[in-house]
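For reference, upload_24.cif is printed below; it contains mmCIF, C-alpha atoms.
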```
data_target
#
loop_
_atom_site.label_atom_id
_atom_site.label_comp_id
_atom_site.auth_asym_id
_atom_site.auth_seq_id
_atom_site.Cartn_x
_atom_site.Cartn_y
_atom_site.Cartn_z
CA MET A 1 19.29 19.13 -18.39
CA THR A 2 16.31 19.19 -16.05
CA PRO A 3 17.29 20.61 -12.65
CA ILE A 4 17.02 18.29 -9.67
CA ARG A 5 14.01 19.17 -7.58
CA PRO A 6 14.83 20.29 -4.03
CA ARG A 7 13.85 17.99 -1.19
CA PRO A 8 12.66 18.81 2.31
CA ASN A 9 15.26 18.04 4.97
CA ARG A 10 15.24 14.43 6.03
CA ARG A 11 17.41 12.44 8.37
CA THR A 12 19.55 9.68 6.99
CA ILE A 13 18.50 6.19 7.91
CA GLY A 14 22.09 5.49 8.98
CA SER A 15 21.32 5.97 12.66
CA ALA A 16 18.42 3.57 12.54
CA ILE A 17 20.49 0.90 10.85
CA LEU A 18 23.24 1.47 13.38
CA VAL A 19 20.84 0.85 16.25
CA LEU A 20 19.54 -2.36 14.68
CA CYS A 21 23.04 -3.66 14.05
CA LEU A 22 24.16 -2.92 17.60
CA LEU A 23 21.30 -4.79 19.24
CA PRO A 24 22.64 -8.34 18.73
CA ALA A 25 26.00 -7.34 20.19
CA LEU A 26 24.26 -5.69 23.10
CA LEU A 27 22.17 -8.70 23.96
CA SER A 28 25.12 -11.08 23.72
CA SER A 29 27.31 -8.97 25.98
CA SER A 30 26.14 -10.68 29.15
CA CYS A 31 26.95 -14.33 29.64
CA VAL A 32 23.41 -15.28 30.59
CA THR A 33 20.13 -13.54 29.92
CA PRO A 34 17.83 -14.43 32.82
CA SER A 35 14.08 -14.59 32.70
CA VAL A 36 12.20 -11.73 34.29
CA SER A 37 11.07 -13.66 37.34
CA GLY A 38 12.32 -16.43 39.56
CA LYS A 39 16.03 -15.51 39.52
CA LYS A 40 18.11 -14.77 42.58
CA LYS A 41 21.17 -12.57 42.52
CA SER A 42 24.35 -14.64 42.66
CA ALA A 43 26.86 -13.92 45.39
CA GLU A 44 29.56 -13.10 42.83
CA GLU A 45 27.87 -10.32 40.88
CA SER A 46 27.29 -6.71 41.86
CA PRO A 47 23.75 -5.37 42.31
CA ALA A 48 24.11 -3.31 39.13
CA GLN A 49 25.21 -6.36 37.14
CA PHE A 50 22.19 -8.29 38.37
CA HIS A 51 19.81 -5.52 37.31
CA TYR A 52 21.67 -5.16 34.01
CA LYS A 53 21.02 -8.83 33.24
CA MET A 54 17.40 -8.44 34.22
CA ALA A 55 17.14 -5.48 31.84
CA THR A 56 18.56 -7.46 28.91
CA GLY A 57 15.92 -10.11 29.55
CA LEU A 58 13.22 -7.45 29.48
CA ILE A 59 14.56 -6.16 26.15
CA TYR A 60 14.09 -9.63 24.69
CA GLU A 61 10.47 -9.35 25.82
CA LYS A 62 10.19 -5.87 24.23
CA LYS A 63 9.62 -4.16 27.58
CA ALA A 64 11.86 -1.13 27.19
CA VAL A 65 10.26 0.96 29.96
CA ALA A 66 10.57 -1.87 32.46
CA ALA A 67 14.19 -2.37 31.38
CA LEU A 68 14.96 1.31 31.99
CA LYS A 69 13.43 1.09 35.46
CA GLU A 70 15.54 -1.98 36.23
CA LEU A 71 18.68 -0.20 35.09
CA ALA A 72 17.85 2.86 37.18
CA ILE A 73 17.59 0.67 40.28
CA GLY A 74 20.98 -0.86 39.53
CA LEU A 75 22.66 2.48 38.85
CA ASN A 76 21.24 3.89 42.05
CA LYS A 77 23.12 1.12 43.87
CA ASP A 78 26.25 1.33 41.73
CA PRO A 79 26.58 4.45 39.53
CA HIS A 80 29.91 3.22 38.14
CA HIS A 81 28.55 0.27 36.16
CA ALA A 82 29.53 1.15 32.58
CA ARG A 83 27.30 -1.34 30.79
CA SER A 84 24.23 -0.21 32.68
CA HIS A 85 24.89 3.35 31.52
CA TYR A 86 25.43 2.04 28.00
CA LEU A 87 22.21 0.06 27.96
CA SER A 88 20.27 3.00 29.43
CA GLY A 89 21.66 5.28 26.73
CA PHE A 90 20.88 2.72 24.05
CA LEU A 91 17.26 2.45 25.19
CA TYR A 92 16.81 6.21 25.44
CA MET A 93 18.20 6.51 21.92
CA GLY A 94 15.65 4.00 20.69
CA ARG A 95 12.93 6.17 22.25
CA LYS A 96 14.41 9.24 20.49
CA ASN A 97 15.31 10.85 23.80
CA PHE A 98 18.74 11.71 22.46
CA SER A 99 19.67 14.22 25.14
CA GLU A 100 19.23 11.67 27.93
CA SER A 101 20.94 9.06 25.79
CA VAL A 102 24.03 11.26 25.43
CA VAL A 103 24.30 11.68 29.22
CA HIS A 104 24.42 7.93 29.84
CA LEU A 105 26.59 7.04 26.86
CA LYS A 106 29.21 9.68 27.68
CA ARG A 107 29.33 8.33 31.23
CA ALA A 108 29.69 4.77 29.93
CA LEU A 109 32.71 5.81 27.84
CA GLU A 110 34.26 7.67 30.76
CA LEU A 111 34.01 4.50 32.83
CA ASP A 112 35.14 2.17 30.03
CA PRO A 113 36.83 3.91 27.07
CA LYS A 114 37.09 0.59 25.21
CA LEU A 115 33.32 0.06 25.15
CA LEU A 116 32.95 0.36 21.38
CA GLU A 117 29.19 -0.15 21.45
CA ALA A 118 28.84 2.96 23.61
CA ARG A 119 30.93 5.01 21.19
CA ASN A 120 28.82 3.89 18.24
CA SER A 121 25.60 4.69 20.07
CA LEU A 122 26.86 8.04 21.34
CA ALA A 123 27.67 9.08 17.78
CA ALA A 124 24.21 7.97 16.63
CA SER A 125 22.62 10.05 19.41
CA TYR A 126 24.63 13.11 18.40
CA MET A 127 23.42 12.56 14.84
CA GLY A 128 19.86 12.42 16.12
CA LEU A 129 20.47 15.83 17.71
CA LYS A 130 22.09 17.08 14.46
CA ARG A 131 25.32 17.70 16.37
CA TRP A 132 27.36 16.64 13.37
CA GLN A 133 30.80 17.73 14.59
CA ASP A 134 30.34 16.00 17.95
CA ALA A 135 29.22 12.86 16.13
CA LEU A 136 32.22 13.04 13.82
CA ASP A 137 34.68 13.50 16.69
CA THR A 138 33.14 10.49 18.41
CA LEU A 139 33.24 8.30 15.31
CA LEU A 140 36.72 8.98 13.95
CA PRO A 141 38.56 6.83 16.55
CA LEU A 142 36.47 3.84 15.45
CA ILE A 143 38.07 3.62 12.01
CA GLU A 144 41.47 3.19 13.68
CA GLU A 145 40.16 0.54 16.07
CA PRO A 146 41.15 -2.96 14.87
CA LEU A 147 38.54 -4.61 17.10
CA ASN A 148 35.62 -2.63 15.68
CA PRO A 149 33.34 -5.34 14.24
CA THR A 150 31.34 -2.96 12.01
CA PRO A 151 33.77 -0.59 10.24
CA TRP A 152 31.29 -0.02 7.41
CA LEU A 153 28.82 1.57 9.83
CA ALA A 154 31.50 3.90 11.16
CA HIS A 155 32.53 4.96 7.66
CA ASN A 156 28.90 5.39 6.61
CA ASN A 157 28.09 7.66 9.54
CA ILE A 158 31.37 9.56 9.23
CA GLY A 159 30.58 10.12 5.56
CA TRP A 160 27.13 11.42 6.41
CA CYS A 161 28.51 13.76 9.07
CA TYR A 162 31.02 15.20 6.60
CA TYR A 163 28.18 15.68 4.13
CA LYS A 164 26.09 17.59 6.66
CA LEU A 165 29.17 19.67 7.54
CA GLY A 166 29.63 20.57 3.87
CA ASN A 167 32.76 18.52 3.16
CA HIS A 168 31.53 16.49 0.20
CA ILE A 169 34.96 15.21 -0.81
CA LYS A 170 35.61 13.50 2.53
CA SER A 171 32.00 12.39 2.61
CA VAL A 172 32.42 10.50 -0.65
CA GLN A 173 35.72 9.00 0.51
CA HIS A 174 34.21 7.51 3.65
CA LEU A 175 31.03 6.33 1.98
CA GLU A 176 33.17 4.57 -0.63
CA MET A 177 35.04 2.91 2.24
CA ALA A 178 31.73 1.81 3.75
CA ILE A 179 30.76 -0.15 0.65
CA PHE A 180 34.34 -1.40 0.28
CA HIS A 181 34.07 -3.03 3.72
CA LYS A 182 30.58 -4.38 3.05
CA LYS A 183 29.76 -5.01 -0.59
CA LYS A 184 26.03 -5.55 -0.03
CA PHE A 185 25.47 -2.49 2.17
CA CYS A 186 22.48 -0.89 0.45
CA LEU A 187 22.38 2.04 2.90
CA GLY A 188 25.96 2.91 1.96
CA TYR A 189 25.13 2.93 -1.75
CA TYR A 190 22.02 5.02 -1.05
CA ASN A 191 23.84 7.65 1.00
CA LEU A 192 26.67 7.77 -1.52
CA GLY A 193 24.14 8.29 -4.29
CA LEU A 194 22.62 11.22 -2.39
CA VAL A 195 25.98 12.90 -1.90
CA LEU A 196 27.01 12.40 -5.53
CA LYS A 197 23.65 13.77 -6.62
CA ALA A 198 24.15 16.85 -4.45
CA ARG A 199 27.56 17.37 -6.10
CA GLY A 200 25.99 17.21 -9.56
CA ARG A 201 27.73 13.94 -10.47
CA LEU A 202 24.53 12.51 -11.85
CA GLU A 203 25.86 9.49 -13.74
CA HIS A 204 27.82 8.35 -10.70
CA ALA A 205 24.78 8.99 -8.50
CA ARG A 206 22.65 6.92 -10.87
CA LEU A 207 25.03 3.97 -10.65
CA ARG A 208 25.11 4.02 -6.85
CA LEU A 209 21.36 4.43 -6.49
CA GLU A 210 20.78 1.59 -8.94
CA GLN A 211 23.07 -0.59 -6.82
CA SER A 212 21.11 0.38 -3.72
CA ARG A 213 17.87 -0.47 -5.50
CA LYS A 214 19.20 -3.86 -6.53
CA LEU A 215 20.13 -4.71 -2.94
CA CYS A 216 17.01 -3.19 -1.33
CA PRO A 217 14.32 -3.17 -4.03
CA HIS A 218 11.52 -2.18 -1.65
CA HIS A 219 13.18 0.96 -0.26
CA ALA A 220 10.85 3.60 -1.69
CA GLN A 221 13.11 6.55 -0.88
CA THR A 222 15.81 5.09 -3.12
CA LEU A 223 13.30 4.86 -5.96
CA LEU A 224 12.28 8.49 -5.51
CA GLU A 225 15.89 9.69 -5.56
CA LEU A 226 16.72 7.47 -8.53
CA GLY A 227 13.69 8.81 -10.40
CA ASP A 228 14.88 12.36 -9.82
CA VAL A 229 18.30 11.49 -11.23
CA TYR A 230 16.77 9.79 -14.28
CA GLU A 231 14.61 12.85 -14.84
CA ALA A 232 17.61 15.16 -14.54
CA LEU A 233 19.37 13.01 -17.14
CA SER A 234 16.31 13.31 -19.44
CA ARG A 235 15.58 9.59 -19.07
CA ASN A 236 11.90 10.26 -18.52
CA SER A 237 10.67 6.75 -19.28
CA ASP A 238 13.03 5.27 -16.68
CA ALA A 239 12.02 7.98 -14.23
CA GLN A 240 8.34 7.24 -14.71
CA ASN A 241 8.90 3.52 -14.13
CA VAL A 242 10.72 3.98 -10.82
CA TYR A 243 8.23 6.63 -9.66
CA ARG A 244 5.47 4.10 -10.37
CA SER A 245 7.27 1.43 -8.35
CA CYS A 246 7.79 3.92 -5.53
CA ARG A 247 4.10 4.86 -5.57
CA LYS A 248 3.05 1.23 -5.24
CA ILE A 249 5.52 0.41 -2.48
CA ALA A 250 4.75 3.55 -0.45
CA GLU A 251 1.02 3.67 -1.17
CA GLY A 252 -0.93 5.60 1.45
CA THR A 253 2.08 7.61 2.66
CA LEU A 254 3.34 11.11 1.92
CA LEU A 255 6.30 9.57 0.13
CA GLY A 256 3.93 7.58 -2.04
CA GLU A 257 2.02 10.75 -2.88
CA ARG A 258 5.23 12.51 -3.93
CA CYS A 259 6.08 9.61 -6.21
CA LYS A 260 2.55 9.68 -7.65
CA THR A 261 2.85 13.41 -8.37
CA ARG A 262 6.18 12.96 -10.13
CA GLU A 263 4.90 10.03 -12.14
CA GLY A 264 1.93 12.07 -13.31
CA SER A 265 4.08 15.04 -14.30
CA LEU A 266 5.99 13.07 -16.96
#
```
Can the structure in the file be given as structure tokens, please?
Amino acid sequence: MTPIRPRPNRRTIGSAILVLCLLPALLSSSCVTPSVSGKKKSAEESPAQFHYKMATGLIYEKKAVAALKELAIGLNKDPHHARSHYLSGFLYMGRKNFSESVVHLKRALELDPKLLEARNSLAASYMGLKRWQDALDTLLPLIEEPLNPTPWLAHNNIGWCYYKLGNHIKSVQHLEMAIFHKKKFCLGYYNLGLVLKARGRLEHARLRLEQSRKLCPHHAQTLLELGDVYEALSRNSDAQNVYRSCRKIAEGTLLGERCKTREGSL
């Protein structure tokens, strides 16, 4: 059996998916999203709430820096506004400033322990910092939370944390739960395929990566991993075909070059 080629370290795309899935919930959390100009603060809302609403409007307009400035003004007036801390942390996470994100998200949870969005985002920020145990400790309460609207994301990220911590058995268990909760979760199948591949369970890895490919046919990284598994199983023709597809999808990138090299070696 051909040995599986080692890969350079790469971060799972779980955090990115988590951020994208949280955004709709974030933007719907305020009753009204005002336009950037022409709105006066109502007598009923706090200054921080007013600036929080202004910030959500700026996010709709893809003005993250302006939104952060608006939130900072509000928090200067009321440092105990949990959702402003949450939104600040969320935006810093999107800008890959994970250290600053953690500060705001931890504060948001201290102020409102039931703010599930903040817990999800805090875990994602810890993952961005490769603080796997902190991320795991943050995520585990979510799988016991009946109001958590995205249990598959929690199980996916828990599974990845266990994988990075070297506990492959628990990693597989949680990744299996992720795809149980969401049958068409291609990221879950992809991550599960990677863990099974690392454990040497190549046939099982092949099945999961093929399922990921079926759901997300243009994800080049899945094709590269699947090609490696085919090659390790001496299915060189299948490996060459998926490497070729990967090369075409990722043309002009380093990933595309790796696929091209593997295709040419068979």
Contact residues around Lys183 of chain A with all atoms listed in the file at 12 Å, ignoring same-chain residues under 4 positions, as a PyMOL selection string: chain A and resi 152+175-179+187-189+208+211-212+215
* Nearest candidate to Ile169 of chain A (options A:Leu192, A:Ala72, A:Cys186, A:Leu147; using all atoms listed in the file) ->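 Closest to Ile169 of chain A of all the choices is A:Leu192.
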Identify which of the residues A:Gly128, A:Gly264, A:Gly74, A:Gly57 lies closest to Tyr92 of chain A, counting all atoms listed in the file when measuring atom-to-atom distances.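 Among the listed residues, A:Gly128 lies closest to Tyr92 of chain A.
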- Task: List the neighbours of Glu100 of chain A out to 9 Å using all atoms listed in the file; skip same-chain residues closer than 6 positions along the sequence, and give me the result as an MDAnalysis selection string.
- Result: chainID A and resid 88:89 92:93
With a distance cut-off of 12 Å and all atoms listed in the file, select the neighbouring residues of Glu210 of chain A, excluding the residue or stretch itself and same-chain residues fewer than 2 positions from it, and output the selection as a PDB file with C-alpha atoms, in the coordinates of the input.
```pdb
ATOM      1  CA  CYS A 186      22.480  -0.890   0.450  1.00  0.00           C
ATOM      2  CA  LEU A 187      22.380   2.040   2.900  1.00  0.00           C
ATOM      3  CA  TYR A 189      25.130   2.930  -1.750  1.00  0.00           C
ATOM      4  CA  TYR A 190      22.020   5.020  -1.050  1.00  0.00           C
ATOM      5  CA  LEU A 192      26.670   7.770  -1.520  1.00  0.00           C
ATOM      6  CA  GLY A 193      24.140   8.290  -4.290  1.00  0.00           C
ATOM      7  CA  LEU A 194      22.620  11.220  -2.390  1.00  0.00           C
ATOM      8  CA  LEU A 202      24.530  12.510 -11.850  1.00  0.00           C
ATOM      9  CA  GLU A 203      25.860   9.490 -13.740  1.00  0.00           C
ATOM     10  CA  HIS A 204      27.820   8.350 -10.700  1.00  0.00           C
ATOM     11  CA  ALA A 205      24.780   8.990  -8.500  1.00  0.00           C
ATOM     12  CA  ARG A 206      22.650   6.920 -10.870  1.00  0.00           C
ATOM     13  CA  LEU A 207      25.030   3.970 -10.650  1.00  0.00           C
ATOM     14  CA  ARG A 208      25.110   4.020  -6.850  1.00  0.00           C
ATOM     15  CA  SER A 212      21.110   0.380  -3.720  1.00  0.00           C
ATOM     16  CA  ARG A 213      17.870  -0.470  -5.500  1.00  0.00           C
ATOM     17  CA  LYS A 214      19.200  -3.860  -6.530  1.00  0.00           C
ATOM     18  CA  LEU A 215      20.130  -4.710  -2.940  1.00  0.00           C
ATOM     19  CA  CYS A 216      17.010  -3.190  -1.330  1.00  0.00           C
ATOM     20  CA  PRO A 217      14.320  -3.170  -4.030  1.00  0.00           C
ATOM     21  CA  HIS A 219      13.180   0.960  -0.260  1.00  0.00           C
ATOM     22  CA  THR A 222      15.810   5.090  -3.120  1.00  0.00           C
ATOM     23  CA  LEU A 223      13.300   4.860  -5.960  1.00  0.00           C
ATOM     24  CA  LEU A 224      12.280   8.490  -5.510  1.00  0.00           C
ATOM     25  CA  GLU A 225      15.890   9.690  -5.560  1.00  0.00           C
ATOM     26  CA  LEU A 226      16.720   7.470  -8.530  1.00  0.00           C
ATOM     27  CA  GLY A 227      13.690   8.810 -10.400  1.00  0.00           C
ATOM     28  CA  VAL A 229      18.300  11.490 -11.230  1.00  0.00           C
ATOM     29  CA  TYR A 230      16.770   9.790 -14.280  1.00  0.00           C
ATOM     30  CA  ASP A 238      13.030   5.270 -16.680  1.00  0.00           C
ATOM     31  CA  VAL A 242      10.720   3.980 -10.820  1.00  0.00           C
TER      32      VAL A 242
END
```
Exercise for review: Write out as a ChimeraX atom specification the residues lying within 8 Å of Gln49 of chain A, counting all atoms listed in the file and excluding same-chain residues fewer than 2 positions away.
Suggested key: /A:45-47,51-53,74,81,84
Output the selection as a compact mmCIF listing (two decimals), in the frame of the given file - C-alpha atoms for each residue.
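Output saved as out.txt:
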```
# COMPACT_ATOMS: atom_id res chain seq x y z
CA GLU A 45 27.87 -10.32 40.88
CA SER A 46 27.29 -6.71 41.86
CA PRO A 47 23.75 -5.37 42.31
CA HIS A 51 19.81 -5.52 37.31
CA TYR A 52 21.67 -5.16 34.01
CA LYS A 53 21.02 -8.83 33.24
CA GLY A 74 20.98 -0.86 39.53
CA HIS A 81 28.55 0.27 36.16
CA SER A 84 24.23 -0.21 32.68
```
One decimal, in Å: what's the spacing between atom CA of Asn148 of chain A and atom CA of Tyr163 of chain A?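 Between atom CA of Asn148 of chain A and atom CA of Tyr163 of chain A the gap is 22.9 Å.
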